[in-house]
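For reference, structure_29.txt is printed below; it contains compact mmCIF, C-alpha atoms and all ligand atoms.
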# COMPACT_ATOMS: atom_id res chain seq x y z
CA MET A 165 31.29 -7.26 -20.88
CA THR A 166 29.12 -9.88 -19.19
CA ASP A 167 29.78 -10.75 -15.54
CA HIS A 168 29.24 -14.37 -14.52
CA THR A 169 28.03 -15.50 -11.09
CA ASP A 170 25.84 -18.10 -9.39
CA VAL A 171 23.06 -15.81 -8.17
CA VAL A 172 21.92 -12.25 -8.84
CA ILE A 173 20.08 -10.71 -5.92
CA VAL A 174 17.71 -7.91 -6.95
CA GLY A 175 17.57 -5.51 -3.99
CA ALA A 176 20.11 -4.73 -1.25
CA GLY A 177 17.59 -4.29 1.57
CA PRO A 178 18.03 -6.23 4.84
CA ILE A 179 16.72 -9.44 3.28
CA GLY A 180 18.92 -9.25 0.17
CA LEU A 181 21.92 -8.67 2.45
CA PHE A 182 21.14 -11.65 4.69
CA ALA A 183 20.66 -13.79 1.57
CA ILE A 184 24.31 -13.10 0.63
CA PHE A 185 25.33 -14.67 3.96
CA GLU A 186 23.04 -17.71 3.73
CA LEU A 187 24.02 -18.38 0.10
CA GLY A 188 27.68 -17.80 0.97
CA LEU A 189 27.62 -20.53 3.63
CA LEU A 190 26.73 -22.90 0.79
CA ASN A 191 29.55 -21.61 -1.48
CA ILE A 192 27.11 -19.75 -3.71
CA LYS A 193 28.54 -16.51 -5.14
CA CYS A 194 26.36 -13.41 -5.52
CA HIS A 195 26.08 -10.13 -7.36
CA VAL A 196 23.63 -7.65 -5.81
CA VAL A 197 21.88 -4.84 -7.71
CA ASP A 198 20.03 -1.89 -6.15
CA ILE A 199 18.67 1.29 -7.62
CA LEU A 200 19.69 3.20 -4.48
CA ASP A 201 23.21 4.55 -3.99
CA LYS A 202 23.75 2.52 -0.82
CA PRO A 203 22.66 -0.85 0.61
CA GLY A 204 19.93 -0.99 3.27
CA GLY A 205 16.53 -0.66 1.55
CA GLN A 206 13.76 0.69 3.79
CA CYS A 207 15.89 0.45 6.97
CA ALA A 208 18.57 2.81 5.65
CA GLU A 209 16.32 5.01 3.53
CA LEU A 210 13.20 5.44 5.67
CA TYR A 211 14.19 4.92 9.31
CA PRO A 212 18.00 4.76 9.82
CA ASP A 213 17.86 6.25 13.34
CA LYS A 214 14.71 4.54 14.60
CA PRO A 215 15.18 1.55 16.94
CA ILE A 216 13.73 -1.81 15.86
CA TYR A 217 12.68 -3.99 18.81
CA ASP A 218 11.81 -7.32 17.17
CA ILE A 219 15.07 -8.55 15.66
CA PRO A 220 15.76 -11.85 17.49
CA SER A 221 18.37 -11.41 20.25
CA ARG A 222 18.69 -7.65 19.71
CA SER A 223 16.56 -5.89 22.31
CA SER A 224 17.00 -2.69 20.31
CA ILE A 225 18.90 -1.89 17.12
CA THR A 226 18.48 1.08 14.76
CA GLY A 227 17.74 0.60 11.06
CA GLN A 228 21.25 1.70 10.07
CA GLU A 229 22.98 -0.41 12.77
CA LEU A 230 21.14 -3.48 11.47
CA ILE A 231 22.31 -2.76 7.92
CA ASP A 232 25.91 -2.15 9.08
CA ASP A 233 25.88 -5.50 10.92
CA LEU A 234 24.37 -7.35 7.94
CA MET A 235 27.06 -5.87 5.67
CA LYS A 236 29.74 -7.04 8.12
CA GLN A 237 28.19 -10.51 8.25
CA ALA A 238 28.11 -10.71 4.41
CA LYS A 239 31.69 -9.44 3.95
CA PRO A 240 33.54 -12.81 4.04
CA PHE A 241 31.62 -13.84 0.92
CA ASN A 242 32.81 -10.86 -1.18
CA PRO A 243 29.50 -9.95 -2.79
CA VAL A 244 29.74 -7.68 -5.84
CA PHE A 245 27.42 -4.66 -5.55
CA HIS A 246 26.01 -2.77 -8.55
CA LEU A 247 24.38 0.31 -7.02
CA ASN A 248 22.50 3.24 -8.57
CA GLN A 249 20.96 0.94 -11.16
CA GLN A 250 17.72 -0.87 -11.68
CA VAL A 251 17.36 -4.42 -12.95
CA GLU A 252 15.17 -3.87 -15.99
CA LYS A 253 15.13 -7.04 -18.03
CA ILE A 254 15.77 -10.72 -17.53
CA GLU A 255 15.91 -13.35 -20.23
CA LYS A 256 16.36 -17.12 -20.08
CA LEU A 257 19.16 -18.77 -22.05
CA GLU A 258 18.94 -22.21 -23.67
CA ASN A 259 21.10 -23.69 -20.88
CA SER A 260 18.48 -22.41 -18.37
CA GLU A 261 20.77 -19.70 -17.00
CA TRP A 262 19.62 -16.07 -16.89
CA ILE A 263 20.83 -12.84 -18.43
CA ILE A 264 20.10 -9.89 -16.16
CA ARG A 265 20.26 -6.36 -17.64
CA THR A 266 20.26 -3.08 -15.74
CA ASN A 267 19.22 0.35 -16.99
CA LEU A 268 22.92 1.34 -17.01
CA GLY A 269 23.76 -1.44 -19.47
CA LYS A 270 25.32 -3.84 -16.95
CA ILE A 271 24.87 -7.47 -18.03
CA ILE A 272 25.19 -10.37 -15.59
CA GLN A 273 24.75 -14.08 -16.33
CA ALA A 274 23.59 -16.23 -13.42
CA LYS A 275 22.15 -19.63 -12.62
CA CYS A 276 19.43 -18.27 -10.32
CA ILE A 277 17.76 -14.94 -9.56
CA VAL A 278 16.69 -13.98 -6.04
CA ILE A 279 14.23 -11.08 -6.00
CA ALA A 280 14.48 -9.22 -2.67
CA GLY A 281 12.92 -6.06 -4.04
CA GLY A 282 10.76 -5.06 -1.05
CA ALA A 283 7.87 -2.88 -2.16
CA GLY A 284 9.78 -2.24 -5.38
CA SER A 285 12.36 0.30 -6.46
CA PHE A 286 12.78 3.56 -4.64
CA VAL A 287 12.21 6.20 -7.32
CA PRO A 288 12.01 9.99 -7.05
CA ARG A 289 8.57 11.56 -6.67
CA LYS A 290 8.33 13.80 -9.75
CA PRO A 291 6.68 17.22 -10.00
CA PRO A 292 3.49 17.02 -12.10
CA MET A 293 4.83 19.06 -15.04
CA GLU A 294 3.99 18.04 -18.57
CA GLY A 295 7.07 17.29 -20.68
CA ILE A 296 9.49 17.18 -17.71
CA ASN A 297 10.75 13.80 -18.97
CA ASN A 298 12.32 15.58 -21.98
CA PHE A 299 14.79 17.29 -19.65
CA GLU A 300 15.40 14.52 -17.08
CA GLY A 301 19.01 13.42 -16.74
CA LYS A 302 20.18 16.58 -18.56
CA SER A 303 18.91 19.80 -16.93
CA VAL A 304 16.41 18.20 -14.51
CA LEU A 305 18.15 16.03 -11.92
CA TYR A 306 16.65 14.09 -9.00
CA SER A 307 20.00 13.18 -7.43
CA ILE A 308 23.46 14.68 -7.57
CA LYS A 309 26.58 12.69 -8.32
CA ASP A 310 29.00 15.55 -9.07
CA LYS A 311 28.16 18.96 -7.65
CA GLY A 312 30.99 20.45 -9.78
CA ILE A 313 28.60 20.64 -12.77
CA PHE A 314 26.76 23.51 -11.03
CA LYS A 315 29.82 25.81 -10.87
CA ASN A 316 28.81 29.35 -11.98
CA LYS A 317 25.37 28.05 -13.08
CA LYS A 318 21.85 29.17 -12.19
CA VAL A 319 20.07 26.42 -10.24
CA LEU A 320 16.44 26.13 -9.10
CA ILE A 321 15.89 23.72 -6.19
CA ALA A 322 12.34 22.67 -5.26
CA GLY A 323 11.27 21.06 -1.97
CA GLY A 324 11.28 21.54 1.80
CA GLY A 325 12.94 18.36 3.10
CA ASP A 326 16.54 17.59 4.05
CA SER A 327 17.78 17.00 0.48
CA ALA A 328 16.36 20.32 -0.80
CA LEU A 329 17.79 22.34 2.10
CA ASP A 330 21.16 20.56 2.31
CA TRP A 331 21.81 20.96 -1.42
CA THR A 332 20.65 24.60 -1.37
CA ASN A 333 23.20 25.34 1.34
CA GLU A 334 25.95 23.28 -0.25
CA ILE A 335 25.61 24.46 -3.85
CA SER A 336 25.25 28.13 -2.81
CA THR A 337 29.05 28.30 -2.55
CA ILE A 338 29.51 27.69 -6.28
CA ALA A 339 26.19 28.50 -7.99
CA GLU A 340 23.39 31.05 -8.08
CA VAL A 341 20.64 29.19 -6.21
CA THR A 342 16.91 29.82 -5.90
CA LEU A 343 14.93 27.61 -3.52
CA ILE A 344 11.21 27.22 -4.01
CA HIS A 345 8.84 25.53 -1.56
CA ARG A 346 5.05 25.55 -1.34
CA ARG A 347 4.98 27.01 2.20
CA LYS A 348 7.27 28.69 4.66
CA GLU A 349 7.41 25.72 7.06
CA PHE A 350 10.06 23.09 6.27
CA LYS A 351 10.42 19.38 7.06
CA ALA A 352 14.22 19.63 6.97
CA ALA A 353 16.40 19.68 10.12
CA PRO A 354 16.13 23.05 11.92
CA ASP A 355 19.91 23.61 11.58
CA SER A 356 19.71 23.39 7.77
CA VAL A 357 16.64 25.67 7.68
CA ASN A 358 18.41 28.30 9.83
CA LYS A 359 21.47 28.12 7.60
CA MET A 360 19.35 28.62 4.48
CA LEU A 361 17.51 31.59 6.05
CA GLU A 362 20.86 33.11 6.99
CA LEU A 363 22.07 32.73 3.37
CA GLU A 364 18.85 34.34 2.14
CA LYS A 365 19.29 37.27 4.56
CA LYS A 366 22.79 37.80 3.18
CA LYS A 367 21.32 37.60 -0.37
CA ILE A 368 23.57 34.62 -1.20
CA ILE A 369 20.50 32.59 -2.21
CA SER A 370 16.88 33.48 -3.08
CA PHE A 371 13.87 31.81 -1.54
CA SER A 372 10.33 31.92 -2.96
CA ILE A 373 7.09 30.35 -1.83
CA GLY A 374 5.45 28.65 -4.78
CA GLN A 375 4.58 25.48 -6.67
CA LEU A 376 6.14 24.29 -9.90
CA LYS A 377 3.70 24.52 -12.82
CA GLU A 378 5.28 24.35 -16.26
CA ILE A 379 8.62 23.59 -17.87
CA GLY A 380 10.05 24.25 -21.31
CA PRO A 381 13.27 25.24 -23.10
CA GLY A 382 14.61 28.66 -22.11
CA THR A 383 16.04 31.39 -24.33
CA SER A 384 19.11 32.50 -22.34
CA LYS A 385 19.35 29.33 -20.21
CA SER A 386 18.46 25.71 -20.89
CA LEU A 387 15.17 25.77 -18.96
CA LYS A 388 12.21 28.10 -18.53
CA VAL A 389 10.25 27.17 -15.37
CA GLN A 390 6.92 28.61 -14.33
CA TYR A 391 5.76 28.51 -10.71
CA GLN A 392 2.67 29.74 -8.90
CA ASN A 393 2.61 31.82 -5.73
CA ASN A 394 -0.97 32.41 -4.52
CA GLU A 395 -2.74 33.61 -7.68
CA ASN A 396 0.42 34.89 -9.37
CA LEU A 397 2.47 33.08 -11.97
CA HIS A 398 6.23 33.66 -12.05
CA GLN A 399 8.82 32.63 -14.60
CA ILE A 400 12.51 31.90 -14.13
CA GLU A 401 15.21 30.76 -16.55
CA VAL A 402 17.80 28.40 -15.11
CA ASP A 403 20.51 25.95 -16.15
CA TYR A 404 19.27 23.23 -13.81
CA LEU A 405 16.10 22.28 -11.93
CA LEU A 406 16.56 19.96 -8.94
CA PRO A 407 13.20 18.74 -7.61
CA PHE A 408 13.60 17.04 -4.19
CA TYR A 409 10.10 15.77 -3.39
CA GLY A 410 11.20 12.56 -1.68
CA LEU A 411 11.10 8.95 -2.86
CA ILE A 412 8.23 6.62 -3.61
CA MET A 413 8.33 2.86 -4.11
CA GLU A 414 6.96 1.19 -7.21
CA LEU A 415 7.17 -2.41 -8.38
CA GLY A 416 8.63 -1.20 -11.68
CA PRO A 417 10.07 -3.63 -14.23
CA ILE A 418 9.61 -6.70 -11.97
CA ALA A 419 5.92 -6.63 -12.96
CA ASN A 420 6.93 -7.45 -16.56
CA TRP A 421 9.02 -10.55 -15.84
CA GLY A 422 6.13 -12.98 -16.40
CA LEU A 423 5.92 -14.16 -12.76
CA ASN A 424 2.64 -14.99 -11.03
CA LEU A 425 1.63 -11.92 -9.05
CA TYR A 426 -1.07 -11.44 -6.44
CA GLN A 427 -1.93 -7.84 -5.55
CA ASN A 428 1.42 -6.64 -6.92
CA LEU A 429 3.36 -9.18 -4.82
CA ILE A 430 5.13 -12.28 -6.11
CA SER A 431 3.49 -15.60 -5.25
CA VAL A 432 5.90 -18.18 -3.83
CA ASP A 433 5.75 -21.60 -2.20
CA THR A 434 6.70 -21.85 1.48
CA GLU A 435 9.26 -24.62 1.14
CA LYS A 436 11.71 -22.97 -1.25
CA PHE A 437 10.26 -19.48 -1.74
CA GLU A 438 10.45 -20.13 -5.46
CA THR A 439 8.25 -18.19 -7.89
CA SER A 440 6.15 -19.57 -10.74
CA GLU A 441 9.40 -19.61 -12.78
CA PRO A 442 11.88 -22.31 -11.65
CA THR A 443 15.27 -20.86 -10.54
CA ILE A 444 13.70 -17.48 -9.71
CA PHE A 445 13.09 -16.96 -6.00
CA ALA A 446 11.37 -14.10 -4.14
CA ILE A 447 12.06 -13.29 -0.48
CA GLY A 448 11.22 -10.50 1.95
CA ASP A 449 8.47 -7.91 1.57
CA ILE A 450 8.00 -8.57 -2.14
CA ASN A 451 6.59 -12.09 -1.81
CA THR A 452 3.23 -13.40 -0.73
CA TYR A 453 1.96 -16.74 0.62
CA PRO A 454 -0.71 -17.75 3.12
CA GLY A 455 0.13 -16.24 6.50
CA LYS A 456 2.90 -13.94 5.21
CA LEU A 457 4.12 -11.35 7.74
CA LYS A 458 6.05 -8.40 6.34
CA LEU A 459 8.71 -8.55 9.03
CA ILE A 460 12.47 -8.62 8.77
CA LEU A 461 12.66 -11.87 10.76
CA SER A 462 10.31 -13.60 8.27
CA GLY A 463 12.62 -12.53 5.42
CA PHE A 464 15.65 -13.96 7.26
CA HIS A 465 13.91 -17.37 7.51
CA GLU A 466 12.96 -17.20 3.83
CA SER A 467 16.62 -16.46 2.91
CA ALA A 468 17.81 -19.63 4.65
CA MET A 469 15.15 -21.84 3.04
CA MET A 470 15.68 -20.32 -0.43
CA SER A 471 19.44 -20.91 -0.19
CA GLN A 472 18.98 -24.66 0.32
CA ALA A 473 16.89 -24.83 -2.88
CA CYS A 474 19.33 -22.62 -4.79
CA PHE A 475 22.18 -24.99 -3.89
CA LYS A 476 20.50 -27.79 -5.86
CA TYR A 477 20.34 -25.63 -9.00
CA CYS A 478 23.88 -24.25 -8.61
CA PHE A 479 25.56 -27.58 -7.78
CA PRO A 480 23.26 -30.35 -9.13
CA ASN A 481 25.92 -33.03 -8.61
CA LYS A 482 26.90 -32.10 -5.07
CA LYS A 483 25.37 -33.23 -1.80
CA ASN A 484 24.44 -30.47 0.63
CA VAL A 485 25.47 -31.55 4.13
CA PHE A 486 23.62 -29.66 6.85
CA ARG A 487 26.07 -27.99 9.27
CA TYR A 488 25.96 -25.64 12.25
CA THR A 489 28.10 -22.47 12.20
CA THR A 490 29.09 -23.15 15.82
CA THR A 491 30.79 -26.46 15.16
CA SER A 492 31.68 -26.72 11.46
CA LYS A 493 35.42 -26.17 10.78
CA ASP A 494 34.59 -25.76 7.09
CA LEU A 495 32.13 -22.94 7.81
CA HIS A 496 34.65 -21.33 10.19
CA LYS A 497 37.17 -21.28 7.35
CA LYS A 498 34.66 -19.58 5.03
CA LEU A 499 33.83 -17.02 7.70
CA GLY A 500 37.49 -16.34 8.44
CA VAL A 501 37.13 -17.55 12.06
CA LYS A 502 40.54 -18.29 13.58
C1 LIG A 601 8.90 3.14 9.26
C2 LIG A 601 9.06 1.64 9.19
C3 LIG A 601 9.30 0.93 10.32
C4 LIG A 601 9.48 -0.47 10.28
N1 LIG A 601 9.68 -1.15 11.45
C5 LIG A 601 9.89 -2.51 11.41
C6 LIG A 601 10.12 -3.25 12.60
O1 LIG A 601 10.12 -2.70 13.70
N2 LIG A 601 10.34 -4.61 12.48
C7 LIG A 601 10.32 -5.27 11.27
O2 LIG A 601 10.54 -6.48 11.22
N3 LIG A 601 10.06 -4.57 10.12
C8 LIG A 601 9.84 -3.21 10.15
N4 LIG A 601 9.58 -2.53 9.00
C9 LIG A 601 9.47 -3.29 7.74
C10 LIG A 601 10.87 -3.64 7.21
O3 LIG A 601 11.62 -2.45 7.01
C11 LIG A 601 10.71 -4.41 5.91
O4 LIG A 601 10.03 -5.62 6.21
C12 LIG A 601 12.08 -4.72 5.31
O5 LIG A 601 12.76 -3.54 4.96
C13 LIG A 601 11.90 -5.58 4.05
O6 LIG A 601 13.18 -5.82 3.55
P1 LIG A 601 13.42 -6.20 2.01
O7 LIG A 601 14.89 -6.40 1.89
O8 LIG A 601 12.47 -7.28 1.64
O9 LIG A 601 12.95 -4.91 1.19
P2 LIG A 601 13.42 -3.31 1.19
O10 LIG A 601 13.96 -2.98 2.52
O11 LIG A 601 12.22 -2.64 0.69
O12 LIG A 601 14.58 -3.33 0.12
C14 LIG A 601 14.31 -3.61 -1.21
C15 LIG A 601 15.36 -2.98 -2.09
O13 LIG A 601 15.20 -3.44 -3.43
C16 LIG A 601 15.48 -2.39 -4.34
N5 LIG A 601 14.85 -2.72 -5.63
C17 LIG A 601 13.57 -3.08 -5.88
N6 LIG A 601 13.40 -3.35 -7.17
C18 LIG A 601 14.60 -3.19 -7.78
C19 LIG A 601 15.06 -3.32 -9.12
N7 LIG A 601 14.26 -3.71 -10.13
N8 LIG A 601 16.36 -3.04 -9.38
C20 LIG A 601 17.21 -2.63 -8.38
N9 LIG A 601 16.81 -2.49 -7.10
C21 LIG A 601 15.53 -2.76 -6.79
C22 LIG A 601 14.91 -1.16 -3.64
O14 LIG A 601 15.53 0.03 -4.12
C23 LIG A 601 15.27 -1.46 -2.16
O15 LIG A 601 16.50 -0.88 -1.78
C24 LIG A 601 9.39 -1.15 9.04
C25 LIG A 601 9.15 -0.41 7.87
C26 LIG A 601 8.98 0.98 7.93
C27 LIG A 601 8.74 1.75 6.66
Represent the supplied structure as structure tokens.
Ligand SMILES: Cc1cc2nc3c(=O)[nH]c(=O)nc-3n(C[C@H](O)[C@H](O)[C@H](O)COP(=O)(O)OP(=O)(O)OC[C@H]3O[C@@H](n4cnc5c(N)ncnc54)[C@H](O)[C@@H]3O)c2cc1C
Amino acid sequence: MTDHTDVVIVGAGPIGLFAIFELGLLNIKCHVVDILDKPGGQCAELYPDKPIYDIPSRSSITGQELIDDLMKQAKPFNPVFHLNQQVEKIEKLENSEWIIRTNLGKIIQAKCIVIAGGAGSFVPRKPPMEGINNFEGKSVLYSIKDKGIFKNKKVLIAGGGDSALDWTNEISTIAEVTLIHRRKEFKAAPDSVNKMLELEKKKIISFSIGQLKEIGPGTSKSLKVQYQNNENLHQIEVDYLLPFYGLIMELGPIANWGLNLYQNLISVDTEKFETSEPTIFAIGDINTYPGKLKLILSGFHESAMMSQACFKYCFPNKKNVFRYTTTSKDLHKKLGVK
């Protein structure tokens, strides 16, 4: 089934979220797609607890607080979120509208596309093992949606950060878990590390120092995994391998959409923040123009300017009357102000 809307925003980082608000003030409806499982982009994923000191009027606000506030500000406009999926393909229709397709098969038709993709999609950093792609999504998983699938299974978890340690501790109640990390120091929170060491002492989980080397089909279990500890190679058969090596950002499919790029960023004008393709806009960290500053406040400005241009495409026969949120009764109604 195809969803219909005015604008599809690619990326639910801070700039994509503020764009919902600015477009909403002009009666423009949005669907928002992000590959992550929650809105917030870099702020929520990379520095949720760190204070930001250069958001206008906020002397200090953490990454997550900013995202929570932006979500609250966008709420009156009822944006539709499609999370956990990547916008893969776009194609132009004869009536100049766009079909947007995600890797999960979601199809959305829209008049305009706003790319707020930051430095690109957050994707898992993969272990360098030849042929691992043959098992991905089946017995090799980079994120967990339903931990129930691990009940009474043998699971190998790799990594030393919060995800690796938290899942080791959590899954140990239902599965036989081995944790493997390249050294005995961990990046994860000390509480999680202590809990894991306690479980190891009680022989509820196993922990080995080592690095993943090879992967192939197992004989008794679905996977045979080889790992190296010093000079020694070890082999283990498991039902699942969960590598948690953190996330990296890559431009991904956006690079194939035929837009003018400069050093992997999308070139835009500074009046409308439109790309080389009319009706496709790019705002926030993903765009480039003379003097560009990769700051959240710059992206907020770009959202407002882009929205004015989008209005003309969405409502070609309507006049856009400039109004302040302080004094406009019409805007108060949209925002639910009593
Ligand atoms: C440690 C750190 C500290 C920072 N401190 C400050 C600061 O003090 N002040 C400041 O102004 N800025 C700061 N920044 C920069 C700021 O975080 C960025 O400027 C801001 O996040 C850019 O927002 P964005 O919405 O453009 O992109 P992002 O926040 O990168 O969000 C983009 C989103 O798009 C998604 N995406 C991309 N491609 C696709 C696709 N094809 N399909 C689906 N989803 C996709 C990504 O998954 C991501 O969630 C800091 C950055 C870091 C890393």
Report as a Markdown table: every residue of chain A with an atom at most 7 Å from ligand LIG 601 (chain A), its closest pair of atoms, and their distance in Å to one decimal, counting only C-alpha atoms and all ligand atoms, with rows sorted by chain and ascending residue number.
| residue | atom | partner | partner_atom | distance |
| --- | --- | --- | --- | --- |
| A:Val174 | CA | A:LIG601 | C20 | 5.5 |
| A:Gly175 | CA | A:LIG601 | O13 | 3.2 |
| A:Ala176 | CA | A:LIG601 | C15 | 5.1 |
| A:Gly177 | CA | A:LIG601 | O7 | 3.4 |
| A:Pro178 | CA | A:LIG601 | O7 | 4.3 |
| A:Ile179 | CA | A:LIG601 | O7 | 3.8 |
| A:Gly180 | CA | A:LIG601 | O7 | 5.2 |
| A:Val197 | CA | A:LIG601 | C20 | 5.2 |
| A:Asp198 | CA | A:LIG601 | N9 | 3.4 |
| A:Ile199 | CA | A:LIG601 | N9 | 4.2 |
| A:Leu200 | CA | A:LIG601 | O14 | 5.2 |
| A:Pro203 | CA | A:LIG601 | O15 | 6.6 |
| A:Gly204 | CA | A:LIG601 | O15 | 6.1 |
| A:Gly205 | CA | A:LIG601 | O15 | 3.3 |
| A:Gln206 | CA | A:LIG601 | O10 | 3.9 |
| A:Cys207 | CA | A:LIG601 | O3 | 5.2 |
| A:Leu210 | CA | A:LIG601 | C27 | 5.9 |
| A:Tyr211 | CA | A:LIG601 | C1 | 5.6 |
| A:Ile216 | CA | A:LIG601 | O1 | 4.3 |
| A:Tyr217 | CA | A:LIG601 | O1 | 5.9 |
| A:Asp218 | CA | A:LIG601 | N2 | 5.6 |
| A:Ile219 | CA | A:LIG601 | O2 | 6.7 |
| A:Gln249 | CA | A:LIG601 | C20 | 5.9 |
| A:Gln250 | CA | A:LIG601 | N8 | 3.4 |
| A:Val251 | CA | A:LIG601 | N8 | 4.0 |
| A:Glu252 | CA | A:LIG601 | N7 | 5.9 |
| A:Ala280 | CA | A:LIG601 | O8 | 5.1 |
| A:Gly281 | CA | A:LIG601 | O13 | 3.5 |
| A:Gly282 | CA | A:LIG601 | O9 | 3.1 |
| A:Ala283 | CA | A:LIG601 | O11 | 5.2 |
| A:Gly284 | CA | A:LIG601 | C17 | 3.9 |
| A:Ser285 | CA | A:LIG601 | C17 | 3.6 |
| A:Phe286 | CA | A:LIG601 | O14 | 4.5 |
| A:Leu415 | CA | A:LIG601 | N6 | 6.4 |
| A:Gly416 | CA | A:LIG601 | N7 | 6.4 |
| A:Pro417 | CA | A:LIG601 | N7 | 5.9 |
| A:Ile418 | CA | A:LIG601 | N7 | 5.8 |
| A:Ile447 | CA | A:LIG601 | O8 | 6.4 |
| A:Gly448 | CA | A:LIG601 | O8 | 3.5 |
| A:Asp449 | CA | A:LIG601 | O8 | 4.0 |
| A:Ile450 | CA | A:LIG601 | O8 | 6.0 |
| A:Lys458 | CA | A:LIG601 | O4 | 4.9 |
| A:Leu459 | CA | A:LIG601 | O2 | 3.5 |
| A:Ile460 | CA | A:LIG601 | O2 | 3.8 |
| A:Leu461 | CA | A:LIG601 | O2 | 5.8 |
| A:Gly463 | CA | A:LIG601 | O8 | 6.5 |
Checklist entry - Restricting the calculation to only C-alpha atoms, which member of A:Ile444, A:Asn451, A:Arg346, A:Gln399 is positioned closest to Gln427 in chain A? => result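 Using only C-alpha atoms, the shortest distance to Gln427 in chain A belongs to A:Asn451.
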Checklist entry - Hey, can you check how far CA of Lys236 in chain A sits from CA of Ala183 in chain A? => result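 About the pair CA of Lys236 in chain A and CA of Ala183 in chain A: they are 13.1 Å apart.
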Checklist entry - Nearest to Ala238 in chain A among A:Trp262, A:Phe182, A:Phe314, A:Tyr404, with distances taken over all atoms listed in the file: which residue is it? => result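 Smallest separation from Ala238 in chain A among the options: A:Phe182.
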List the residues sitting within 9 Å of (26.2, 26.3, -7.9) in the file's frame, using all atoms listed in the file, as a CSV table (one decimal) with C-alpha atoms, in the frame of the given file.
chain,number,residue,atom,x,y,z
A,311,LYS,CA,28.2,19.0,-7.6
A,312,GLY,CA,31.0,20.4,-9.8
A,313,ILE,CA,28.6,20.6,-12.8
A,314,PHE,CA,26.8,23.5,-11.0
A,315,LYS,CA,29.8,25.8,-10.9
A,316,ASN,CA,28.8,29.4,-12.0
A,317,LYS,CA,25.4,28.0,-13.1
A,318,LYS,CA,21.8,29.2,-12.2
A,319,VAL,CA,20.1,26.4,-10.2
A,332,THR,CA,20.6,24.6,-1.4
A,334,GLU,CA,26.0,23.3,-0.2
A,335,ILE,CA,25.6,24.5,-3.8
A,336,SER,CA,25.2,28.1,-2.8
A,337,THR,CA,29.0,28.3,-2.6
A,338,ILE,CA,29.5,27.7,-6.3
A,339,ALA,CA,26.2,28.5,-8.0
A,340,GLU,CA,23.4,31.0,-8.1
A,341,VAL,CA,20.6,29.2,-6.2
Checklist entry - Suppose you want the space between CA of Tyr453 in chain A and CA of Val278 in chain A; what is it in Å? => result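 CA of Val278 in chain A lies 16.4 Å from CA of Tyr453 in chain A.
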Checklist entry - How far is it from CA of Thr226 in chain A to CA of His195 in chain A, in Å with one decimal? => result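 CA of Thr226 in chain A sits 25.9 Å away from CA of His195 in chain A.
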Next on the checklist: With distances taken over all atoms listed in the file, which residue among A:Leu406, A:Leu361, A:Leu234, A:Ala322 lies nearest Leu305 in chain A?
Outcome noted: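 For Leu305 in chain A, the nearest of the candidates is A:Leu406.
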Next on the checklist: Between A:Asp213, A:Glu255, A:Glu466, A:Glu261, which residue has the minimum interatomic distance to Val171 in chain A, considering only C-alpha atoms?
Outcome noted: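 Distance minimum relative to Val171 in chain A lands on A:Glu261.
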Checklist entry - Within 9 Å of Gly188 in chain A, counting all atoms listed in the file, which residues qualify if same-chain residues fewer than 2 places away don't, as a PyMOL selection string? => result chain A and resi 183-186+190-194+238+240-243+471+498
Output C-alpha atoms for every residue in that selection, as an mmCIF file, keeping the file's coordinate frame.
data_model
loop_
_atom_site.group_PDB
_atom_site.id
_atom_site.type_symbol
_atom_site.label_atom_id
_atom_site.label_comp_id
_atom_site.auth_asym_id
_atom_site.auth_seq_id
_atom_site.Cartn_x
_atom_site.Cartn_y
_atom_site.Cartn_z
ATOM 1 C CA ALA A 183 20.660 -13.790 1.570
ATOM 2 C CA ILE A 184 24.310 -13.100 0.630
ATOM 3 C CA PHE A 185 25.330 -14.670 3.960
ATOM 4 C CA GLU A 186 23.040 -17.710 3.730
ATOM 5 C CA LEU A 190 26.730 -22.900 0.790
ATOM 6 C CA ASN A 191 29.550 -21.610 -1.480
ATOM 7 C CA ILE A 192 27.110 -19.750 -3.710
ATOM 8 C CA LYS A 193 28.540 -16.510 -5.140
ATOM 9 C CA CYS A 194 26.360 -13.410 -5.520
ATOM 10 C CA ALA A 238 28.110 -10.710 4.410
ATOM 11 C CA PRO A 240 33.540 -12.810 4.040
ATOM 12 C CA PHE A 241 31.620 -13.840 0.920
ATOM 13 C CA ASN A 242 32.810 -10.860 -1.180
ATOM 14 C CA PRO A 243 29.500 -9.950 -2.790
ATOM 15 C CA SER A 471 19.440 -20.910 -0.190
ATOM 16 C CA LYS A 498 34.660 -19.580 5.030
#
Next on the checklist: When you count all atoms listed in the file, which of these residues is closest to Asp201 in chain A: A:Asn248, A:Ser440, A:Lys359, A:Thr383?
Outcome noted: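 Of the candidates, the smallest distance to Asp201 in chain A is held by A:Asn248.
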Next on the checklist: Which residue is closest to Asn333 in chain A? Choose from A:Asn297, A:Asn428, A:Ser307, A:Ser370 and count all atoms listed in the file.
Outcome noted: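 Counting all atoms listed in the file, the residue closest to Asn333 in chain A is A:Ser370.
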Item to check | Shell of 8 Å around Ile430 in chain A, all atoms listed in the file, local chain residues under 6 positions omitted, as a PyMOL selection string | outcome: chain A and resi 423-424+439+446+450-452
Requested write-out: C-alpha atoms of the selected residues, as a compact mmCIF listing (two decimals), in the frame of the given file:
# COMPACT_ATOMS: atom_id res chain seq x y z
CA LEU A 423 5.92 -14.16 -12.76
CA ASN A 424 2.64 -14.99 -11.03
CA THR A 439 8.25 -18.19 -7.89
CA ALA A 446 11.37 -14.10 -4.14
CA ILE A 450 8.00 -8.57 -2.14
CA ASN A 451 6.59 -12.09 -1.81
CA THR A 452 3.23 -13.40 -0.73
